[in-house]
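With TSV, C-alpha atoms and all ligand atoms inside, this is run-v1.tsv:
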chain	number	residue	atom	x	y	z
A	1	MET	CA	-12.69	28.05	13.76
A	2	SER	CA	-14.14	30.03	10.84
A	3	VAL	CA	-12.69	29.40	7.38
A	4	ASN	CA	-12.54	31.68	4.41
A	5	ILE	CA	-11.60	29.03	1.88
A	6	ASP	CA	-14.40	28.50	-0.63
A	7	LEU	CA	-14.58	25.01	-2.13
A	8	SER	CA	-18.08	25.35	-3.59
A	9	ASN	CA	-16.68	24.62	-7.06
A	10	LYS	CA	-14.91	21.40	-5.91
A	11	LYS	CA	-16.23	17.82	-5.93
A	12	GLY	CA	-14.49	14.74	-4.66
A	13	ILE	CA	-14.57	11.28	-3.13
A	14	VAL	CA	-13.67	10.26	0.41
A	15	PHE	CA	-12.27	6.76	1.02
A	16	GLY	CA	-11.83	5.57	4.62
A	17	LEU	CA	-14.89	6.66	6.54
A	18	ALA	CA	-15.76	4.29	9.40
A	19	ASN	CA	-17.20	6.40	12.21
A	20	GLN	CA	-17.14	9.84	13.85
A	21	ARG	CA	-13.54	9.36	14.99
A	22	SER	CA	-12.26	8.62	11.49
A	23	ILE	CA	-9.77	11.18	10.24
A	24	ALA	CA	-11.76	10.94	6.99
A	25	TRP	CA	-14.81	12.30	8.83
A	26	SER	CA	-12.98	15.31	10.33
A	27	ILE	CA	-11.66	16.14	6.88
A	28	SER	CA	-15.11	15.63	5.31
A	29	GLU	CA	-16.81	17.95	7.79
A	30	LYS	CA	-14.22	20.62	7.12
A	31	LEU	CA	-14.53	20.30	3.33
A	32	MET	CA	-18.35	20.32	3.47
A	33	ASP	CA	-18.25	23.46	5.67
A	34	ALA	CA	-16.18	25.07	2.92
A	35	GLY	CA	-18.88	24.17	0.38
A	36	ALA	CA	-17.33	21.12	-1.31
A	37	THR	CA	-19.52	18.35	-2.74
A	38	LEU	CA	-18.50	14.94	-1.39
A	39	ALA	CA	-19.20	11.33	-2.21
A	40	PHE	CA	-18.33	8.67	0.36
A	41	THR	CA	-17.35	5.03	0.16
A	42	TYR	CA	-17.62	2.35	2.83
A	43	LEU	CA	-15.78	-0.93	3.15
A	44	ASP	CA	-18.57	-3.27	4.22
A	45	GLU	CA	-22.08	-3.48	5.63
A	46	ARG	CA	-20.83	-3.60	9.25
A	47	LEU	CA	-19.89	0.07	8.98
A	48	LEU	CA	-23.11	1.23	7.37
A	49	LYS	CA	-25.00	1.93	10.60
A	50	SER	CA	-22.45	4.40	11.93
A	51	ILE	CA	-21.89	5.96	8.52
A	52	ASN	CA	-25.62	6.38	7.87
A	53	GLY	CA	-25.85	8.07	11.27
A	54	LEU	CA	-23.11	10.53	10.31
A	55	LEU	CA	-24.67	11.27	6.94
A	56	GLU	CA	-28.24	11.67	8.18
A	57	GLY	CA	-29.93	14.53	6.34
A	58	ASN	CA	-27.10	14.59	3.83
A	59	ASP	CA	-27.87	13.39	0.30
A	60	SER	CA	-24.25	12.58	-0.61
A	61	LEU	CA	-23.54	9.62	-2.84
A	62	LEU	CA	-22.56	6.63	-0.66
A	63	LEU	CA	-20.99	3.65	-2.41
A	64	LYS	CA	-19.56	0.33	-1.27
A	65	CYS	CA	-15.88	-0.04	-2.11
A	66	ASP	CA	-13.19	-2.45	-1.05
A	67	ALA	CA	-10.11	-0.60	-2.30
A	68	ASN	CA	-8.43	-3.96	-2.93
A	69	ASN	CA	-11.12	-4.78	-5.48
A	70	GLU	CA	-10.27	-2.98	-8.70
A	71	SER	CA	-13.71	-3.38	-10.24
A	72	GLU	CA	-15.35	-1.75	-7.21
A	73	VAL	CA	-12.92	1.17	-7.43
A	74	LYS	CA	-13.69	1.54	-11.15
A	75	GLU	CA	-17.43	1.48	-10.40
A	76	VAL	CA	-17.08	4.24	-7.77
A	77	MET	CA	-15.31	6.53	-10.24
A	78	LYS	CA	-17.87	5.81	-12.96
A	79	LYS	CA	-20.86	6.41	-10.65
A	80	PHE	CA	-19.32	9.62	-9.32
A	81	HIS	CA	-18.74	10.88	-12.86
A	82	GLU	CA	-22.30	10.04	-13.92
A	83	THR	CA	-23.70	11.86	-10.89
A	84	HIS	CA	-21.36	14.81	-10.41
A	85	GLY	CA	-19.15	15.11	-13.48
A	86	ASP	CA	-15.38	15.54	-13.22
A	87	ILE	CA	-13.44	14.77	-10.06
A	88	ASP	CA	-11.49	17.57	-8.34
A	89	PHE	CA	-10.12	15.72	-5.32
A	90	ILE	CA	-9.71	12.39	-3.56
A	91	ILE	CA	-9.17	11.66	0.14
A	92	HIS	CA	-7.35	8.35	0.70
A	93	SER	CA	-7.63	7.59	4.42
A	94	ILE	CA	-7.32	3.80	4.30
A	95	ALA	CA	-5.12	1.39	6.22
A	96	PHE	CA	-5.32	-2.17	7.45
A	97	ALA	CA	-3.02	-4.83	8.93
A	98	ASN	CA	-3.74	-8.02	10.83
A	99	ARG	CA	-3.64	-7.36	14.55
A	100	GLU	CA	-0.90	-9.98	15.03
A	101	ASP	CA	1.32	-8.08	12.58
A	102	LEU	CA	1.30	-4.95	14.77
A	103	GLY	CA	3.63	-5.30	17.75
A	104	GLY	CA	5.87	-8.23	18.64
A	105	ASP	CA	8.97	-9.23	16.73
A	106	PHE	CA	8.99	-7.72	13.26
A	107	SER	CA	10.76	-10.78	11.81
A	108	ASN	CA	7.71	-12.92	12.66
A	109	LEU	CA	5.74	-11.06	9.99
A	110	SER	CA	4.20	-13.53	7.55
A	111	LYS	CA	4.30	-13.01	3.81
A	112	GLN	CA	0.51	-13.04	3.78
A	113	GLY	CA	0.35	-10.37	6.53
A	114	PHE	CA	2.92	-8.25	4.71
A	115	ASN	CA	1.02	-8.52	1.42
A	116	LEU	CA	-2.33	-7.68	3.00
A	117	ALA	CA	-1.00	-4.58	4.80
A	118	MET	CA	0.84	-3.35	1.70
A	119	GLU	CA	-2.03	-4.03	-0.67
A	120	THR	CA	-4.61	-2.28	1.49
A	121	SER	CA	-2.56	0.56	2.96
A	122	SER	CA	-0.19	1.38	0.09
A	123	TYR	CA	-1.15	-0.17	-3.26
A	124	SER	CA	-4.76	1.01	-2.92
A	125	LEU	CA	-3.50	4.55	-3.59
A	126	VAL	CA	-2.17	3.36	-6.97
A	127	THR	CA	-5.51	1.78	-7.92
A	128	ILE	CA	-7.50	4.78	-6.80
A	129	ALA	CA	-5.18	7.27	-8.53
A	130	ARG	CA	-5.20	5.34	-11.80
A	131	GLU	CA	-8.97	4.98	-11.92
A	132	ALA	CA	-9.67	8.54	-10.72
A	133	SER	CA	-7.23	9.98	-13.27
A	134	LYS	CA	-9.66	8.96	-16.03
A	135	TYR	CA	-12.19	11.44	-14.68
A	136	PHE	CA	-10.11	14.26	-13.19
A	137	SER	CA	-11.06	17.74	-14.24
A	138	GLU	CA	-8.98	19.35	-17.01
A	139	SER	CA	-7.76	21.97	-14.56
A	140	GLY	CA	-6.20	19.22	-12.40
A	141	GLY	CA	-6.92	18.17	-8.83
A	142	SER	CA	-5.63	17.17	-5.44
A	143	VAL	CA	-5.19	13.75	-3.83
A	144	ILE	CA	-4.46	13.44	-0.13
A	145	SER	CA	-3.27	10.32	1.67
A	146	MET	CA	-2.63	9.78	5.37
A	147	THR	CA	0.74	8.65	6.67
A	148	PHE	CA	2.64	8.40	9.97
A	149	ASP	CA	6.17	9.05	11.29
A	150	ALA	CA	6.73	5.27	11.51
A	151	SER	CA	7.51	5.39	7.77
A	152	THR	CA	11.03	6.50	8.66
A	153	ARG	CA	11.44	5.77	12.40
A	154	VAL	CA	10.75	2.63	14.40
A	155	TYR	CA	7.70	2.48	16.68
A	156	PRO	CA	7.42	-0.89	18.45
A	157	GLY	CA	3.62	-1.16	18.00
A	158	TYR	CA	3.55	-0.17	14.36
A	159	ASN	CA	5.65	-2.88	12.68
A	160	VAL	CA	4.31	-3.72	9.22
A	161	MET	CA	2.28	-0.51	9.09
A	162	GLY	CA	5.56	1.44	9.20
A	163	THR	CA	6.67	-0.50	6.12
A	164	ALA	CA	3.34	0.21	4.45
A	165	LYS	CA	3.58	3.94	5.22
A	166	ALA	CA	7.11	4.07	3.75
A	167	ALA	CA	5.70	2.56	0.54
A	168	LEU	CA	2.71	4.91	0.60
A	169	GLU	CA	4.99	7.96	0.81
A	170	ASN	CA	7.06	6.67	-2.09
A	171	ILE	CA	3.89	6.02	-4.12
A	172	ASN	CA	2.80	9.57	-3.29
A	173	ARG	CA	6.01	10.87	-4.90
A	174	GLN	CA	5.82	8.57	-7.95
A	175	LEU	CA	2.23	9.59	-8.66
A	176	SER	CA	3.08	13.27	-8.19
A	177	ALA	CA	5.75	13.00	-10.87
A	178	GLU	CA	3.49	11.07	-13.25
A	179	PHE	CA	0.39	13.25	-12.95
A	180	GLY	CA	2.08	16.61	-12.27
A	181	PRO	CA	1.88	17.70	-15.92
A	182	ARG	CA	-1.92	17.43	-15.65
A	183	GLN	CA	-1.81	19.56	-12.45
A	184	ILE	CA	-3.05	16.59	-10.39
A	185	ARG	CA	-1.22	16.93	-7.07
A	186	PHE	CA	-0.53	14.20	-4.51
A	187	ASN	CA	0.36	14.97	-0.90
A	188	SER	CA	0.49	12.90	2.29
A	189	ILE	CA	-0.37	14.28	5.69
A	190	SER	CA	1.76	12.72	8.43
A	191	ALA	CA	-0.52	12.99	11.45
A	192	GLY	CA	0.42	12.58	15.08
A	193	PRO	CA	-1.46	9.84	16.99
A	194	LEU	CA	-5.24	10.40	17.08
A	195	PRO	CA	-7.81	8.13	18.74
A	196	SER	CA	-9.74	6.17	16.09
A	197	LEU	CA	-10.99	2.66	15.33
A	198	SER	CA	-7.69	1.73	13.64
A	199	ALA	CA	-5.55	3.39	16.30
A	200	ARG	CA	-7.16	1.08	18.90
A	201	SER	CA	-5.37	-1.91	17.32
A	202	ILE	CA	-1.93	-0.36	17.67
A	203	PRO	CA	-0.08	-1.66	20.72
A	204	GLY	CA	1.41	1.25	22.68
A	205	PHE	CA	-0.93	3.85	21.17
A	206	VAL	CA	-1.53	5.43	24.59
A	207	GLN	CA	2.23	5.78	25.14
A	208	MET	CA	2.56	7.35	21.69
A	209	ARG	CA	0.02	10.04	22.64
A	210	LYS	CA	1.80	10.58	25.93
A	211	ALA	CA	5.20	10.93	24.23
A	212	HIS	CA	3.75	13.58	21.92
A	213	GLU	CA	2.38	15.46	24.89
A	214	GLU	CA	5.69	15.34	26.73
A	215	ARG	CA	8.19	15.78	23.92
A	216	SER	CA	6.62	17.65	21.02
A	217	PRO	CA	7.40	21.37	20.85
A	218	ILE	CA	3.71	22.20	21.35
A	219	LYS	CA	3.50	19.91	24.45
A	220	ARG	CA	0.13	18.40	23.57
A	221	PRO	CA	-1.24	15.83	21.15
A	222	ILE	CA	-2.55	17.22	17.87
A	223	THR	CA	-6.28	17.26	17.14
A	224	HIS	CA	-8.45	15.84	14.37
A	225	GLU	CA	-9.32	19.41	13.44
A	226	GLU	CA	-5.69	20.35	12.89
A	227	VAL	CA	-5.36	17.53	10.37
A	228	ALA	CA	-8.63	18.59	8.70
A	229	ASN	CA	-7.41	22.20	8.41
A	230	THR	CA	-4.30	21.01	6.59
A	231	ALA	CA	-6.43	18.88	4.27
A	232	LEU	CA	-8.61	21.92	3.54
A	233	PHE	CA	-5.51	23.84	2.47
A	234	LEU	CA	-4.23	20.94	0.36
A	235	ILE	CA	-7.54	20.56	-1.47
A	236	SER	CA	-7.81	24.28	-2.09
A	237	ASP	CA	-5.97	26.14	-4.86
A	238	LEU	CA	-3.90	27.88	-2.16
A	239	SER	CA	-1.62	24.82	-2.26
A	240	SER	CA	-1.34	24.71	-6.08
A	241	GLY	CA	2.46	24.70	-5.96
A	242	ILE	CA	2.74	21.76	-3.54
A	243	THR	CA	2.94	18.16	-4.71
A	244	GLY	CA	4.79	15.00	-3.69
A	245	SER	CA	5.14	16.27	-0.14
A	246	VAL	CA	4.75	14.62	3.22
A	247	ILE	CA	3.39	17.34	5.48
A	248	PRO	CA	3.76	16.66	9.21
A	249	VAL	CA	0.83	17.64	11.43
A	250	ASP	CA	2.55	16.34	14.52
A	251	GLY	CA	3.16	19.41	16.68
A	252	GLY	CA	6.81	19.20	15.63
A	253	TYR	CA	7.37	15.80	17.31
A	254	GLY	CA	9.41	14.62	14.32
A	255	ILE	CA	12.11	17.28	14.76
A	256	ILE	CA	12.95	16.40	18.37
A	257	ALA	CA	15.78	13.94	18.98
A	258	LEU	CA	16.04	14.13	22.75
B	301	LIG	N1	-5.24	7.63	13.98
B	301	LIG	C1	-3.95	7.91	13.91
B	301	LIG	O1	-3.28	8.08	14.92
B	301	LIG	C2	-3.29	8.06	12.58
B	301	LIG	C3	-2.06	8.75	12.51
B	301	LIG	C4	-1.44	8.88	11.27
B	301	LIG	C5	-2.02	8.33	10.14
B	301	LIG	N2	-3.20	7.66	10.25
B	301	LIG	C6	-3.80	7.10	9.02
B	301	LIG	O2	-5.03	7.74	8.79
B	301	LIG	C7	-5.82	6.88	7.98
B	301	LIG	C8	-7.21	6.77	8.60
B	301	LIG	O3	-7.14	6.10	9.82
B	301	LIG	P1	-8.05	6.49	11.07
B	301	LIG	O4	-7.15	6.64	12.23
B	301	LIG	O5	-9.00	7.56	10.72
B	301	LIG	O6	-8.85	5.12	11.36
B	301	LIG	P2	-10.24	4.55	10.77
B	301	LIG	O7	-10.30	3.15	11.28
B	301	LIG	O8	-11.35	5.44	11.09
B	301	LIG	O9	-10.00	4.57	9.19
B	301	LIG	C9	-9.39	3.51	8.48
B	301	LIG	C10	-10.30	3.23	7.30
B	301	LIG	O10	-9.70	2.30	6.39
B	301	LIG	C11	-10.79	1.59	5.84
B	301	LIG	N3	-10.32	0.39	5.14
B	301	LIG	C12	-9.62	-0.65	5.64
B	301	LIG	N4	-9.44	-1.59	4.69
B	301	LIG	C13	-10.03	-1.11	3.56
B	301	LIG	C14	-10.20	-1.60	2.25
B	301	LIG	N5	-9.72	-2.80	1.85
B	301	LIG	N6	-10.89	-0.85	1.34
B	301	LIG	C15	-11.41	0.35	1.70
B	301	LIG	N7	-11.29	0.87	2.94
B	301	LIG	C16	-10.61	0.15	3.85
B	301	LIG	C17	-11.67	1.26	7.03
B	301	LIG	O11	-12.96	0.89	6.62
B	301	LIG	C18	-11.65	2.61	7.74
B	301	LIG	O12	-12.71	3.42	7.27
B	301	LIG	C19	-5.06	5.58	7.87
B	301	LIG	O13	-4.30	5.58	6.68
B	301	LIG	C20	-4.14	5.64	9.08
B	301	LIG	O14	-3.00	4.83	8.95
B	301	LIG	C21	-3.85	7.53	11.43
Rendering of file as structure tokens:
Amino acid sequence: MSVNIDLSNKKGIVFGLANQRSIAWSISEKLMDAGATLAFTYLDERLLKSINGLLEGNDSLLLKCDANNESEVKEVMKKFHETHGDIDFIIHSIAFANREDLGGDFSNLSKQGFNLAMETSSYSLVTIAREASKYFSESGGSVISMTFDASTRVYPGYNVMGTAKAALENINRQLSAEFGPRQIRFNSISAGPLPSLSARSIPGFVQMRKAHEERSPIKRPITHEEVANTALFLISDLSSGITGSVIPVDGGYGIIAL
């Protein structure tokens, strides 16, 4: 699909790239096609091989960052600013929960498992927003996070991640209110189920895709590209009046009761 949105004056950082199936990668490709300058972060060395493969021939800044480590987040912002100047946008596409805390009885969730999922999948947006806000451009910016329908409805395989997404959406609203006066906008994209490394750990993921195909108004699962197109809009100035929103890219699945 050809795009007419020009982001050649925008620079930003992508958190959450693991491989070619990462939502972060679909968004990155779309933003780069539109002319944006990107820096990438990676969680640990195990992911470097696939990420280096994706970024071959691309001289983007690539920095290690565990989003639960505040000093690493600070360092990413500092390095980006030294290299590229002010930040215009951030993609937060991060989530993690222990496998045993997805599926099964919710009440078996341990405090440690709860804390880990919340810290990584929700609180990391607070850390990233706070540290990025020190370097955002004077004209403002756009921060996108990724959420899922399980924030408000129960999916048996999602358990603690549903709780984490509910917190993430609330954080998205709180940050929108705080940083709105500086024209820094925060929006969450609520994507339908897409195959990825993380999605593989969700019990019942295949049934979730099937349910979308059968019951969503568009009668098919959504695509990575449809999420990326929405991100492109949210990063661009076309969305300058939108902040604090949760935008469903779910083929309308969320509106159907029966
Ligand atoms: N795939 C789906 O069906 C779907 C649907 C809706 C929302 N989402 C959300 O989209 C986002 C991206 O997921 P994805 O499906 O592309 O899977 P993915 O596995 O490609 O991406 C998850 C990323 O989180 C990163 N991560 C985990 N812990 C981290 C930490 N401590 N610090 C920094 N990074 C860390 C991983 O390295 C990985 O790059 C997640 O927030 C996920 O919940 C996914």
Would you compute the distance between atom CA of Asn115 of chain A and atom CA of Met77 of chain A? Give it in Å to one decimal.
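Taking atom CA of Asn115 of chain A and atom CA of Met77 of chain A, their separation equals 25.1 Å.
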Please identify every polymer residue within 6 Å of ligand LIG 301 (chain B), using all atoms listed in the file, and present the set as number ranges by chain.
A: 16-18, 21-24, 43, 65-68, 93-96, 120, 146-148, 190-199
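Computed from the coordinates, the atom CA of Leu62 of chain A to atom CA of Thr41 of chain A distance equals 5.5 Å.
Across the model, the gap from atom CA of Phe15 of chain A to atom CA of Ser240 of chain A is 22.2 Å.
Proximity of A:His84, A:Lys78, A:Lys64, A:Arg200 to Lys11 of chain A, computed with only C-alpha atoms, is greatest for A:His84.
Close contacts of Val160 of chain A, defined as residues with an atom at most 8 Å away when counting only C-alpha atoms, with chain neighbours fewer than 6 positions off set aside, comprise Ala97, Asp101, Leu102, Phe106, Leu109, Phe114 and Ala117 of chain A.
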Counting only C-alpha atoms, figure out which residue out of A:Val249, A:Gln183, A:Leu55, A:Gly140 gets nearest to Glu29 of chain A.
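Under the stated criterion, the closest residue is A:Leu55.
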Nearest residue to Ala167 of chain A out of A:Tyr253, A:Phe40, A:Tyr123, A:Phe89, using only C-alpha atoms?
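Closest residue, counting only C-alpha atoms: A:Tyr123.
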I'd like the neighbourhood of Thr243 of chain A as a list in words, where a residue qualifies if any of its atoms comes within 7 Å (using only C-alpha atoms), though same-chain residues fewer than 5 positions away should be ignored.
Ser176, Arg185, Phe186 and Asn187 of chain A
